[in-house]
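**Q** Contents of final00.pdb (PDB, C-alpha atoms) are below:
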```pdb
ATOM      1  CA  MET A   1     -13.878  50.431 -43.913
ATOM      2  CA  ASN A   2     -10.670  51.047 -45.875
ATOM      3  CA  PHE A   3     -10.323  47.451 -47.067
ATOM      4  CA  ARG A   4     -13.806  46.593 -48.313
ATOM      5  CA  HIS A   5     -12.906  46.307 -52.022
ATOM      6  CA  LEU A   6      -9.488  45.349 -53.447
ATOM      7  CA  LEU A   7      -8.460  45.828 -57.078
ATOM      8  CA  LEU A   8      -5.815  43.333 -58.270
ATOM      9  CA  PRO A   9      -4.244  44.290 -61.629
ATOM     10  CA  ILE A  10      -2.858  41.213 -63.389
ATOM     11  CA  ALA A  11      -0.667  41.622 -66.470
ATOM     12  CA  PRO A  12      -1.687  39.606 -69.567
ATOM     13  CA  ASP A  13       1.432  37.442 -69.351
ATOM     14  CA  GLN A  14       1.558  37.203 -65.572
ATOM     15  CA  GLN A  15       1.713  33.825 -63.885
ATOM     16  CA  LEU A  16       0.091  33.988 -60.454
ATOM     17  CA  ASP A  17       2.247  32.356 -57.839
ATOM     18  CA  GLU A  18       2.442  32.955 -54.104
ATOM     19  CA  SER A  19       2.772  36.740 -54.344
ATOM     20  CA  PHE A  20      -0.916  37.465 -53.771
ATOM     21  CA  LYS A  21      -1.369  34.842 -51.075
ATOM     22  CA  GLU A  22      -1.133  37.204 -48.085
ATOM     23  CA  VAL A  23      -3.515  39.664 -49.771
ATOM     24  CA  LEU A  24      -6.132  37.062 -50.656
ATOM     25  CA  TYR A  25      -5.918  35.526 -47.201
ATOM     26  CA  PHE A  26      -6.509  38.990 -45.726
ATOM     27  CA  ALA A  27      -9.447  39.617 -48.091
ATOM     28  CA  ASN A  28     -10.961  36.229 -47.291
ATOM     29  CA  GLU A  29     -10.707  36.764 -43.537
ATOM     30  CA  ASN A  30     -12.572  40.056 -43.930
ATOM     31  CA  SER A  31     -15.089  38.911 -46.588
ATOM     32  CA  ALA A  32     -13.894  41.640 -48.961
ATOM     33  CA  ASN A  33     -14.724  42.135 -52.632
ATOM     34  CA  VAL A  34     -11.843  41.515 -55.048
ATOM     35  CA  THR A  35     -11.823  42.635 -58.683
ATOM     36  CA  LEU A  36      -9.212  41.103 -60.996
ATOM     37  CA  LEU A  37      -8.181  43.528 -63.730
ATOM     38  CA  THR A  38      -6.155  43.010 -66.900
ATOM     39  CA  VAL A  39      -5.123  45.981 -69.011
ATOM     40  CA  ILE A  40      -4.348  45.198 -72.637
ATOM     41  CA  GLU A  41      -1.762  47.647 -73.917
ATOM     42  CA  GLY A  42      -0.155  48.064 -77.327
ATOM     43  CA  LEU A  43      -3.440  47.895 -79.221
ATOM     44  CA  ASP A  44      -4.217  51.605 -79.187
ATOM     45  CA  GLU A  45      -3.204  51.988 -82.823
ATOM     46  CA  TYR A  46      -5.917  49.517 -83.809
ATOM     47  CA  ILE A  47      -8.786  51.294 -82.097
ATOM     48  CA  GLU A  48      -9.311  53.914 -84.825
ATOM     49  CA  ILE A  49      -8.834  51.375 -87.622
ATOM     50  CA  SER A  50     -11.345  49.053 -85.971
ATOM     51  CA  HIS A  51     -14.105  51.440 -87.040
ATOM     52  CA  TYR A  52     -13.369  50.570 -90.671
ATOM     53  CA  THR A  53     -12.213  46.966 -90.735
ATOM     54  CA  GLY A  54     -13.786  43.916 -89.226
ATOM     55  CA  THR A  55     -10.393  42.221 -89.096
ATOM     56  CA  THR A  56      -8.990  44.651 -86.548
ATOM     57  CA  LEU A  57     -12.229  44.677 -84.631
ATOM     58  CA  GLY A  58     -12.023  40.919 -84.493
ATOM     59  CA  LEU A  59      -8.497  41.144 -83.149
ATOM     60  CA  LEU A  60      -9.633  43.369 -80.295
ATOM     61  CA  ASP A  61     -12.614  41.170 -79.570
ATOM     62  CA  ASN A  62     -10.509  38.025 -79.558
ATOM     63  CA  ALA A  63      -7.900  39.545 -77.252
ATOM     64  CA  THR A  64     -10.585  40.739 -74.847
ATOM     65  CA  LYS A  65     -12.324  37.357 -74.828
ATOM     66  CA  PHE A  66      -9.011  35.542 -74.302
ATOM     67  CA  TYR A  67      -8.070  37.602 -71.265
ATOM     68  CA  HIS A  68     -11.586  37.409 -69.851
ATOM     69  CA  GLN A  69     -11.292  33.647 -69.960
ATOM     70  CA  SER A  70      -7.871  33.849 -68.315
ATOM     71  CA  LEU A  71      -9.246  35.934 -65.446
ATOM     72  CA  LYS A  72     -12.208  33.579 -65.043
ATOM     73  CA  HIS A  73      -9.747  30.714 -64.768
ATOM     74  CA  HIS A  74      -7.961  32.545 -61.933
ATOM     75  CA  VAL A  75     -11.282  33.231 -60.202
ATOM     76  CA  HIS A  76     -12.277  29.568 -60.445
ATOM     77  CA  ALA A  77      -9.012  28.532 -58.786
ATOM     78  CA  PHE A  78      -9.231  31.228 -56.110
ATOM     79  CA  ARG A  79     -12.817  30.520 -55.091
ATOM     80  CA  ALA A  80     -11.926  27.061 -53.847
ATOM     81  CA  GLN A  81      -9.236  28.517 -51.553
ATOM     82  CA  TYR A  82     -10.959  31.761 -50.584
ATOM     83  CA  PRO A  83     -14.706  31.084 -50.325
ATOM     84  CA  SER A  84     -15.514  34.290 -48.406
ATOM     85  CA  ILE A  85     -14.287  36.608 -51.191
ATOM     86  CA  LYS A  86     -16.733  37.981 -53.754
ATOM     87  CA  PHE A  87     -14.779  38.014 -57.030
ATOM     88  CA  ALA A  88     -15.328  40.080 -60.189
ATOM     89  CA  THR A  89     -13.299  40.552 -63.378
ATOM     90  CA  LEU A  90     -12.593  43.506 -65.637
ATOM     91  CA  ILE A  91     -10.728  44.077 -68.927
ATOM     92  CA  LYS A  92      -9.433  47.476 -70.070
ATOM     93  CA  ILE A  93      -7.447  48.613 -73.112
ATOM     94  CA  GLY A  94      -4.870  51.398 -72.849
ATOM     95  CA  VAL A  95      -1.956  52.610 -70.730
ATOM     96  CA  PRO A  96      -1.800  50.346 -67.643
ATOM     97  CA  PHE A  97      -1.398  52.872 -64.822
ATOM     98  CA  ILE A  98      -4.084  55.162 -66.299
ATOM     99  CA  GLU A  99      -6.583  52.348 -66.749
ATOM    100  CA  ILE A 100      -5.825  50.926 -63.295
ATOM    101  CA  ILE A 101      -6.586  54.242 -61.594
ATOM    102  CA  LYS A 102      -9.747  54.733 -63.661
ATOM    103  CA  ALA A 103     -10.881  51.162 -62.977
ATOM    104  CA  ALA A 104     -10.328  51.583 -59.239
ATOM    105  CA  HIS A 105     -12.772  54.490 -59.275
ATOM    106  CA  GLU A 106     -15.181  52.692 -61.575
ATOM    107  CA  VAL A 107     -15.584  49.733 -59.210
ATOM    108  CA  GLN A 108     -15.209  51.939 -56.106
ATOM    109  CA  SER A 109     -12.141  50.088 -54.927
ATOM    110  CA  SER A 110     -10.611  51.166 -51.619
ATOM    111  CA  LEU A 111      -7.199  49.600 -52.287
ATOM    112  CA  ILE A 112      -5.053  48.738 -55.324
ATOM    113  CA  VAL A 113      -2.821  45.692 -54.861
ATOM    114  CA  ILE A 114       0.320  45.397 -56.983
ATOM    115  CA  ASP A 115       2.651  42.433 -57.490
ATOM    116  CA  THR A 116       6.016  43.951 -58.453
ATOM    117  CA  HIS A 117       8.121  40.791 -58.493
ATOM    118  CA  ARG A 118       8.072  40.006 -62.174
ATOM    119  CA  LYS A 119      10.998  40.543 -64.519
ATOM    120  CA  LYS A 120      13.571  39.229 -62.052
ATOM    121  CA  LYS A 121      13.077  41.953 -59.439
ATOM    122  CA  SER A 122      14.450  40.753 -56.116
ATOM    123  CA  LYS A 123      12.502  43.161 -53.876
ATOM    124  CA  PRO A 124       8.854  44.213 -53.934
ATOM    125  CA  CYS A 125       9.658  47.903 -54.186
ATOM    126  CA  GLN A 126      12.119  47.771 -57.053
ATOM    127  CA  TYR A 127       9.399  49.373 -59.051
ATOM    128  CA  GLY A 128       8.803  49.319 -62.743
ATOM    129  CA  SER A 129       7.309  52.334 -64.460
ATOM    130  CA  THR A 130       3.677  51.272 -63.935
ATOM    131  CA  THR A 131       4.047  50.917 -60.178
ATOM    132  CA  ARG A 132       5.961  54.176 -59.860
ATOM    133  CA  HIS A 133       3.244  55.983 -61.804
ATOM    134  CA  LEU A 134       0.614  54.480 -59.517
ATOM    135  CA  MET A 135       2.519  55.460 -56.383
ATOM    136  CA  ARG A 136       2.798  59.030 -57.623
ATOM    137  CA  LYS A 137      -0.601  59.520 -59.260
ATOM    138  CA  SER A 138      -3.184  57.312 -57.583
ATOM    139  CA  ASP A 139      -5.381  58.880 -54.932
ATOM    140  CA  ILE A 140      -6.331  55.356 -53.823
ATOM    141  CA  PRO A 141      -3.880  53.536 -51.491
ATOM    142  CA  ILE A 142      -1.398  51.129 -53.107
ATOM    143  CA  TRP A 143      -0.407  47.822 -51.503
ATOM    144  CA  SER A 144       2.798  46.378 -52.945
ATOM    145  CA  CYS A 145       2.832  42.781 -51.743
ATOM    146  CA  SER A 146       5.846  40.908 -50.448
ATOM    147  CA  MET A 147       7.680  38.269 -52.462
ATOM    148  CA  LYS A 148       7.524  35.837 -49.540
ATOM    149  CA  PRO A 149       3.918  35.510 -48.402
ATOM    150  CA  MET A 150       3.659  35.410 -44.646
ATOM    151  CA  ALA A 151       1.312  36.306 -41.864
ATOM    152  CA  ILE A 152       1.571  40.023 -41.138
ATOM    153  CA  ARG A 153       2.421  40.309 -37.463
ATOM    154  CA  ARG A 154       4.427  43.546 -37.239
ATOM    155  CA  VAL A 155       3.456  46.722 -39.100
ATOM    156  CA  GLY A 156       5.786  49.723 -39.227
ATOM    157  CA  VAL A 157       3.928  53.021 -39.675
ATOM    158  CA  ALA A 158       6.239  55.800 -40.876
ATOM    159  CA  VAL A 159       5.117  59.363 -40.180
ATOM    160  CA  ASP A 160       6.642  62.847 -40.333
ATOM    161  CA  VAL A 161       5.804  64.801 -37.174
ATOM    162  CA  SER A 162       8.383  67.522 -37.806
ATOM    163  CA  ASN A 163       5.888  69.709 -39.654
ATOM    164  CA  GLN A 164       2.604  70.708 -38.015
ATOM    165  CA  GLU A 165       0.998  71.176 -41.435
ATOM    166  CA  GLN A 166       1.122  67.405 -41.863
ATOM    167  CA  VAL A 167      -0.897  66.560 -38.740
ATOM    168  CA  GLN A 168      -4.074  65.752 -40.668
ATOM    169  CA  PHE A 169      -2.187  63.509 -43.081
ATOM    170  CA  ASN A 170      -0.491  61.704 -40.182
ATOM    171  CA  GLU A 171      -3.898  61.143 -38.609
ATOM    172  CA  LYS A 172      -5.150  59.580 -41.852
ATOM    173  CA  ILE A 173      -2.086  57.309 -42.069
ATOM    174  CA  LEU A 174      -2.520  56.203 -38.463
ATOM    175  CA  SER A 175      -6.282  55.659 -38.797
ATOM    176  CA  LEU A 176      -5.794  53.332 -41.765
ATOM    177  CA  SER A 177      -2.913  51.585 -39.983
ATOM    178  CA  MET A 178      -4.920  50.999 -36.810
ATOM    179  CA  GLU A 179      -7.749  49.506 -38.852
ATOM    180  CA  PHE A 180      -5.354  47.231 -40.719
ATOM    181  CA  CYS A 181      -3.662  46.053 -37.507
ATOM    182  CA  SER A 182      -7.039  45.469 -35.891
ATOM    183  CA  LEU A 183      -8.120  43.285 -38.818
ATOM    184  CA  THR A 184      -4.856  41.313 -38.869
ATOM    185  CA  ASP A 185      -4.137  41.251 -35.127
ATOM    186  CA  ALA A 186      -0.727  42.770 -35.884
ATOM    187  CA  GLU A 187       1.484  44.946 -33.693
ATOM    188  CA  LEU A 188       1.769  48.594 -34.759
ATOM    189  CA  ILE A 189       5.156  50.302 -34.534
ATOM    190  CA  LEU A 190       4.904  54.062 -35.067
ATOM    191  CA  ILE A 191       8.194  55.247 -36.600
ATOM    192  CA  HIS A 192       9.671  58.713 -37.066
ATOM    193  CA  ALA A 193      13.197  59.602 -38.200
ATOM    194  CA  TRP A 194      14.552  62.925 -36.965
ATOM    195  CA  ARG A 195      17.840  64.771 -36.893
ATOM    196  CA  LEU A 196      19.152  68.225 -36.022
ATOM    197  CA  ASP A 197      19.951  69.323 -39.583
ATOM    198  CA  THR A 198      21.528  72.612 -38.464
ATOM    199  CA  GLU A 199      23.969  71.022 -36.012
ATOM    200  CA  GLY A 200      27.073  71.752 -38.104
ATOM    201  CA  PHE A 201      25.944  75.324 -38.720
ATOM    202  CA  LEU A 202      25.220  75.928 -35.045
ATOM    203  CA  ARG A 203      28.685  74.814 -33.995
ATOM    204  CA  LYS A 204      30.554  76.659 -36.709
ATOM    205  CA  TRP A 205      28.767  79.989 -36.987
ATOM    206  CA  SER A 206      26.573  80.651 -33.973
ATOM    207  CA  GLY A 207      28.979  80.082 -31.120
ATOM    208  CA  TYR A 208      26.951  77.156 -29.772
ATOM    209  CA  SER A 209      29.034  74.806 -27.647
ATOM    210  CA  GLN A 210      28.830  71.040 -27.934
ATOM    211  CA  LEU A 211      26.670  71.064 -24.795
ATOM    212  CA  ASP A 212      24.351  73.701 -26.279
ATOM    213  CA  VAL A 213      23.866  71.626 -29.423
ATOM    214  CA  ALA A 214      23.255  68.472 -27.361
ATOM    215  CA  LEU A 215      20.609  70.258 -25.268
ATOM    216  CA  LEU A 216      18.924  71.585 -28.403
ATOM    217  CA  ALA A 217      18.888  68.085 -29.933
ATOM    218  CA  LYS A 218      17.420  66.689 -26.700
ATOM    219  CA  LYS A 219      14.679  69.311 -26.743
ATOM    220  CA  MET A 220      13.868  68.551 -30.378
ATOM    221  CA  ARG A 221      13.717  64.827 -29.701
ATOM    222  CA  GLU A 222      11.389  65.335 -26.733
ATOM    223  CA  ASP A 223       9.152  67.595 -28.800
ATOM    224  CA  HIS A 224       8.896  65.017 -31.598
ATOM    225  CA  ALA A 225       8.264  62.245 -29.064
ATOM    226  CA  GLY A 226       5.428  64.308 -27.586
ATOM    227  CA  ARG A 227       3.867  64.743 -31.012
ATOM    228  CA  MET A 228       4.048  60.998 -31.593
ATOM    229  CA  LYS A 229       2.275  60.336 -28.278
ATOM    230  CA  SER A 230      -0.396  62.908 -29.151
ATOM    231  CA  LEU A 231      -0.971  61.128 -32.445
ATOM    232  CA  LEU A 232      -1.709  57.887 -30.583
ATOM    233  CA  LYS A 233      -3.805  59.486 -27.829
ATOM    234  CA  PRO A 234      -7.205  58.957 -29.562
ATOM    235  CA  TYR A 235      -6.452  55.221 -29.567
ATOM    236  CA  GLU A 236      -5.732  54.835 -25.843
ATOM    237  CA  ASN A 237      -8.540  52.284 -25.453
ATOM    238  CA  ASN A 238      -7.833  50.480 -28.704
ATOM    239  CA  LEU A 239      -6.799  46.850 -28.287
ATOM    240  CA  VAL A 240      -4.109  47.001 -31.003
ATOM    241  CA  LYS A 241      -0.671  46.429 -29.519
ATOM    242  CA  ARG A 242       1.507  49.448 -30.333
ATOM    243  CA  LYS A 243       4.731  51.240 -29.549
ATOM    244  CA  ILE A 244       6.702  54.306 -30.618
ATOM    245  CA  LYS A 245      10.155  54.264 -32.186
ATOM    246  CA  LEU A 246      12.125  57.485 -32.676
ATOM    247  CA  LEU A 247      15.170  57.027 -34.900
ATOM    248  CA  GLU A 248      17.916  59.626 -35.109
ATOM    249  CA  GLY A 249      19.426  60.022 -38.575
ATOM    250  CA  ASP A 250      18.600  60.242 -42.260
ATOM    251  CA  ALA A 251      15.203  58.631 -42.948
ATOM    252  CA  LYS A 252      16.416  57.243 -46.294
ATOM    253  CA  GLN A 253      19.010  55.128 -44.508
ATOM    254  CA  ILE A 254      17.914  54.576 -40.943
ATOM    255  CA  ILE A 255      14.299  53.500 -41.491
ATOM    256  CA  PRO A 256      15.005  50.742 -44.076
ATOM    257  CA  SER A 257      17.774  49.487 -41.784
ATOM    258  CA  PHE A 258      15.394  49.415 -38.812
ATOM    259  CA  ILE A 259      12.661  47.677 -40.837
ATOM    260  CA  ASP A 260      15.085  44.951 -41.911
ATOM    261  CA  LYS A 261      16.666  44.517 -38.482
ATOM    262  CA  GLU A 262      13.323  44.309 -36.684
ATOM    263  CA  SER A 263      11.780  41.912 -39.235
ATOM    264  CA  ILE A 264       8.841  44.191 -39.980
ATOM    265  CA  ASP A 265       6.272  42.459 -42.222
ATOM    266  CA  MET A 266       4.655  45.592 -43.684
ATOM    267  CA  VAL A 267       5.373  49.321 -43.866
ATOM    268  CA  ILE A 268       2.532  51.839 -44.133
ATOM    269  CA  MET A 269       3.512  55.353 -45.136
ATOM    270  CA  GLY A 270       2.438  58.510 -46.916
ATOM    271  CA  SER A 271       3.575  59.248 -50.452
ATOM    272  CA  LEU A 272       3.519  62.954 -51.229
ATOM    273  CA  ALA A 273       6.006  65.213 -53.012
ATOM    274  CA  ARG A 274       6.154  68.635 -51.381
ATOM    275  CA  ALA A 275       8.666  71.325 -52.242
ATOM    276  CA  GLY A 276      10.694  72.791 -49.417
ATOM    277  CA  ILE A 277      10.550  69.809 -47.062
ATOM    278  CA  ALA A 278      13.458  67.389 -47.272
ATOM    279  CA  GLY A 279      14.742  64.432 -45.276
ATOM    280  CA  PHE A 280      11.403  62.885 -44.451
ATOM    281  CA  LEU A 281       9.050  60.279 -45.877
ATOM    282  CA  ILE A 282       7.779  62.245 -48.851
ATOM    283  CA  GLY A 283       8.712  62.754 -52.474
ATOM    284  CA  ASN A 284      12.121  61.552 -53.563
ATOM    285  CA  THR A 285      13.032  60.502 -50.030
ATOM    286  CA  ALA A 286      10.116  58.094 -49.954
ATOM    287  CA  GLU A 287      11.036  56.588 -53.324
ATOM    288  CA  SER A 288      14.656  56.192 -52.270
ATOM    289  CA  MET A 289      13.588  54.410 -49.117
ATOM    290  CA  LEU A 290      11.062  52.205 -50.885
ATOM    291  CA  ASP A 291      13.717  50.787 -53.203
ATOM    292  CA  GLN A 292      15.511  49.345 -50.162
ATOM    293  CA  LEU A 293      12.562  47.532 -48.595
ATOM    294  CA  SER A 294      11.879  43.830 -49.030
ATOM    295  CA  CYS A 295       8.626  43.671 -47.053
ATOM    296  CA  SER A 296       5.129  44.586 -48.150
ATOM    297  CA  VAL A 297       4.481  48.324 -48.461
ATOM    298  CA  LEU A 298       1.231  50.274 -48.356
ATOM    299  CA  THR A 299       1.303  53.938 -49.447
ATOM    300  CA  LEU A 300      -1.456  56.532 -49.414
ATOM    301  CA  LYS A 301      -2.094  60.167 -50.275
ATOM    302  CA  PRO A 302      -3.696  62.970 -48.228
ATOM    303  CA  ASN A 303      -7.415  63.672 -48.668
ATOM    304  CA  GLU A 304      -6.818  66.804 -50.723
ATOM    305  CA  PHE A 305      -4.753  64.969 -53.342
ATOM    306  CA  HIS A 306      -6.495  64.660 -56.722
ATOM    307  CA  SER A 307      -5.180  62.197 -59.277
ATOM    308  CA  PRO A 308      -4.096  63.938 -62.512
ATOM    309  CA  VAL A 309      -5.337  60.869 -64.369
ATOM    310  CA  LEU A 310      -8.930  61.748 -63.502
ATOM    311  CA  GLY A 311      -8.720  65.289 -64.877
TER     312      GLY A 311
END
```
As structure tokens, what does this structure read like?
**A**
Amino acid sequence: MNFRHLLLPIAPDQQLDESFKEVLYFANENSANVTLLTVIEGLDEYIEISHYTGTTLGLLDNATKFYHQSLKHHVHAFRAQYPSIKFATLIKIGVPFIEIIKAAHEVQSSLIVIDTHRKKKSKPCQYGSTTRHLMRKSDIPIWSCSMKPMAIRRVGVAVDVSNQEQVQFNEKILSLSMEFCSLTDAELILIHAWRLDTEGFLRKWSGYSQLDVALLAKKMREDHAGRMKSLLKPYENNLVKRKIKLLEGDAKQIIPSFIDKESIDMVIMGSLARAGIAGFLIGNTAESMLDQLSCSVLTLKPNEFHSPVLG
């Protein structure tokens, strides 16, 4: 199960509002474990000194105790609303994104949940540095929760079927997405953006007529549609409601527009920078697209990815 244990990092000064509501409701419905984590940063310079002075050691101890009490207060409030969740708390000292990734492995978390709405950000994916680091360097999936908590009824799953080398990664994305939709009773919309990148070149230099280019584009579209259907084939008997959506155009523009227009509640996608492949949902293209989304977003890495944080 991909959602058995959720890690919720909470900043020391963070006021918990409605941002985590959809996540905690989901965890409660599935009797998941939830670990609340606070990372205390800015005290690194005191760690070495603390070996020599009780004053500094006391400062660290007091800060740790204070934030432990704060997390326990959150747990006490949450337990009344979410009785099926098994809560735990954890305090770390250091660089937030590094300690979050390490903590996720320490508690064997299957998902890291991030609230990115603080500091007057208007959209969940207008990421600060911590969230961007996590998106790039965590081998554990990241769920960036929506500002407006709501029941998740429509899930857009963005995949790149243009490259056969990415088949295994697409299968992982779809497997996680099917499980999530099964647990939430949501509709799955499998999305792929495609375009004939060489169209201008074909017309100008190869002697291709407008009809030739149109036929080539049609063939490409049919090929990509076939790959999308093949991706869903193992789930023919699955009860999750699903459909395929092929979008023609630049993924960075057309997918966020589609997500907004169709009122998608969550987007699940891969996050992987790979040289030599442009125009799809990886690397800089993914980050550009993420900044435009206002719904919840869940990103994950391929199995072979190893977090640089873990050495």
**Q** Pick from A:Glu236, A:Asp291, A:Glu304, A:Glu41: nearest to A:Glu99, with all atoms listed in the file counted?
**A**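 Using all atoms listed in the file, A:Glu99 sits closest to A:Glu41.
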**Q** Near A:Cys295, counting only C-alpha atoms, which residues have an atom at most 6 Å away, once you skip same-chain residues fewer than 5 positions from it, shown as a PyMOL selection string?
**A** chain A and resi 146+265-266
**Q** Run through the PyMOL selection byres ((chain A and resi 36) around 12) on the given coordinates and return the selected residues as JSON, numbers by chain.
**A** {"A": [5, 6, 7, 8, 9, 10, 11, 12, 16, 20, 24, 33, 34, 35, 37, 38, 39, 67, 68, 69, 70, 71, 72, 73, 74, 75, 76, 78, 85, 86, 87, 88, 89, 90, 91, 92, 100, 103, 104, 107, 109, 112, 113, 114]}
**Q** In Å, with one decimal, what is the gap from atom CA of A:Ala214 to atom CA of A:Asp250?
**A**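 Taking atom CA of A:Ala214 and atom CA of A:Asp250, their separation equals 17.6 Å.
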**Q** Which distance in Å separates atom CA of A:Leu231 and atom CA of A:Val161, to one decimal?
**A**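 Those two atoms sit 9.0 Å apart.
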**Q** Go through A:Ser162, A:Asn62, A:Asn28, A:Thr131 and flag the residue nearest A:Glu287, using all atoms listed in the file for the distances.
**A**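 The shortest atom-to-atom distance to A:Glu287 comes from A:Thr131.
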**Q** Identify which of the residues A:Pro308, A:Glu171, A:Trp194, A:Ala80 lies closest to A:Met220, counting only C-alpha atoms when measuring atom-to-atom distances.
**A**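 With only C-alpha atoms as the atom set, the closest residue is A:Trp194.
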**Q** Rounded to one decimal, what separation in Å do you get between atom CA of A:Ser296 and atom CA of A:Asp13?
**A**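 Interatomic distance, atom CA of A:Ser296 to atom CA of A:Asp13: 22.7 Å.
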**Q** Could you check which of A:Ser110, A:Gly270, A:Asp160, A:Glu248 is closest to A:Met228, using all atoms listed in the file?
**A**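 The answer is A:Asp160, which sits nearest to A:Met228.
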**Q** What's around A:Val159 at 9 Å? Count only C-alpha atoms, leave out sequence neighbours fewer than 2 positions away in its own chain, and write the answer as a list in words.
**A**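 Here the qualifying residues turn out to be Val157, Val161, Phe169, Asn170, Ile173, Leu174, Leu190, Ile191, His192, Ala193, Met228, Ile268, Met269, Gly270, Phe280 and Leu281 of chain A.
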**Q** Restricting it to C-alpha atoms, dump the selection as a tab-separated table (two decimals), in the frame of the given file.
**A**
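Output saved as result.tsv:
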```tsv
chain	number	residue	atom	x	y	z
A	157	VAL	CA	3.93	53.02	-39.67
A	161	VAL	CA	5.80	64.80	-37.17
A	169	PHE	CA	-2.19	63.51	-43.08
A	170	ASN	CA	-0.49	61.70	-40.18
A	173	ILE	CA	-2.09	57.31	-42.07
A	174	LEU	CA	-2.52	56.20	-38.46
A	190	LEU	CA	4.90	54.06	-35.07
A	191	ILE	CA	8.19	55.25	-36.60
A	192	HIS	CA	9.67	58.71	-37.07
A	193	ALA	CA	13.20	59.60	-38.20
A	228	MET	CA	4.05	61.00	-31.59
A	268	ILE	CA	2.53	51.84	-44.13
A	269	MET	CA	3.51	55.35	-45.14
A	270	GLY	CA	2.44	58.51	-46.92
A	280	PHE	CA	11.40	62.88	-44.45
A	281	LEU	CA	9.05	60.28	-45.88
```
**Q** Calculated over only C-alpha atoms, which of the candidates A:Ala63, A:Ile40, A:Glu165, A:Leu293 has the smallest distance to A:Gly94?
**A**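 Smallest distance to A:Gly94 is found for A:Ile40.
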**Q** When you look at A:Lys172 with a cut-off of 10 Å (counting only C-alpha atoms), what residues show up, excluding the ones that are within fewer than 5 positions of it in the same chain? I need them as a list in words.
**A**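 Once the adjacent positions are removed, what remains is Val167, Ser177, Met178, Gly270, Leu300, Lys301, Pro302 and Asn303 of chain A.
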**Q** Which one is closest to A:Val95: A:Thr130, A:Ser271, A:Gln108, A:Thr299? Count all atoms listed in the file.
**A**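 That would be A:Thr130, the residue with the smallest distance to A:Val95.
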**Q** Taking all atoms of stretch 162-178 of chain A that the file lists and extending 5 Å past them on each side, where is the centre of the axis-aligned box and how long are its edges? Answer in Å to one decimal, as JSON.
**A**
```
{"center_x": 1.1, "center_y": 61.1, "center_z": -39.9, "size_x": 24.7, "size_y": 30.2, "size_z": 16.3}
```
**Q** With all atoms listed in the file as the counted atoms, please give the residues lying no more than 7 Å from stretch 134-138 of chain A, apart from itself and same-chain residues fewer than 6 positions off, as a list of chain:residue names.
**A**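 Those residues are A:Phe97, A:Ile101, A:Ser307, A:Pro308.
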**Q** Can you turn the PyMOL selection byres ((chain A and resi 242) around 7) into a concrete residue list for this file, as a PyMOL selection string?
**A** chain A and resi 187-189+240-241+243
**Q** Written as an NGL selection string, which residues does the PyMOL selection byres ((chain A and resi 153) around 6) give for the file shown?
**A** :A and (152 or 154 or 186)
**Q** For stretch 65-94 of chain A of the structure just presented, write C-alpha atoms to a file, as a short mmCIF file (atom, residue, chain, number, x, y, z; two decimals), in the first residue's frame.
**A**
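As a result, result04.cif now contains:
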```cif
data_model
loop_
_atom_site.label_atom_id
_atom_site.label_comp_id
_atom_site.auth_asym_id
_atom_site.auth_seq_id
_atom_site.Cartn_x
_atom_site.Cartn_y
_atom_site.Cartn_z
CA LYS A 65 10.69 20.49 24.39
CA PHE A 66 8.67 23.51 23.26
CA TYR A 67 8.08 22.14 19.78
CA HIS A 68 7.35 18.66 21.11
CA GLN A 69 4.61 20.17 23.21
CA SER A 70 3.32 22.09 20.19
CA LEU A 71 3.10 18.90 18.12
CA LYS A 72 1.38 17.07 20.98
CA HIS A 73 -1.17 19.87 21.09
CA HIS A 74 -1.87 19.35 17.37
CA VAL A 75 -2.18 15.59 17.89
CA HIS A 76 -4.64 16.09 20.76
CA ALA A 77 -6.83 18.27 18.54
CA PHE A 78 -6.59 15.92 15.56
CA ARG A 79 -7.43 12.75 17.46
CA ALA A 80 -10.91 13.99 18.27
CA GLN A 81 -11.63 14.59 14.56
CA TYR A 82 -9.69 11.67 13.09
CA PRO A 83 -9.99 8.72 15.50
CA SER A 84 -8.81 6.09 12.99
CA ILE A 85 -5.37 7.68 12.50
CA LYS A 86 -2.40 6.49 14.56
CA PHE A 87 -0.40 9.66 15.29
CA ALA A 88 3.29 10.07 16.19
CA THR A 89 5.55 13.11 16.56
CA LEU A 90 9.17 13.82 15.70
CA ILE A 91 11.59 16.74 16.17
CA LYS A 92 14.74 17.24 14.08
CA ILE A 93 17.40 19.96 14.00
CA GLY A 94 19.04 21.02 10.73
#
```
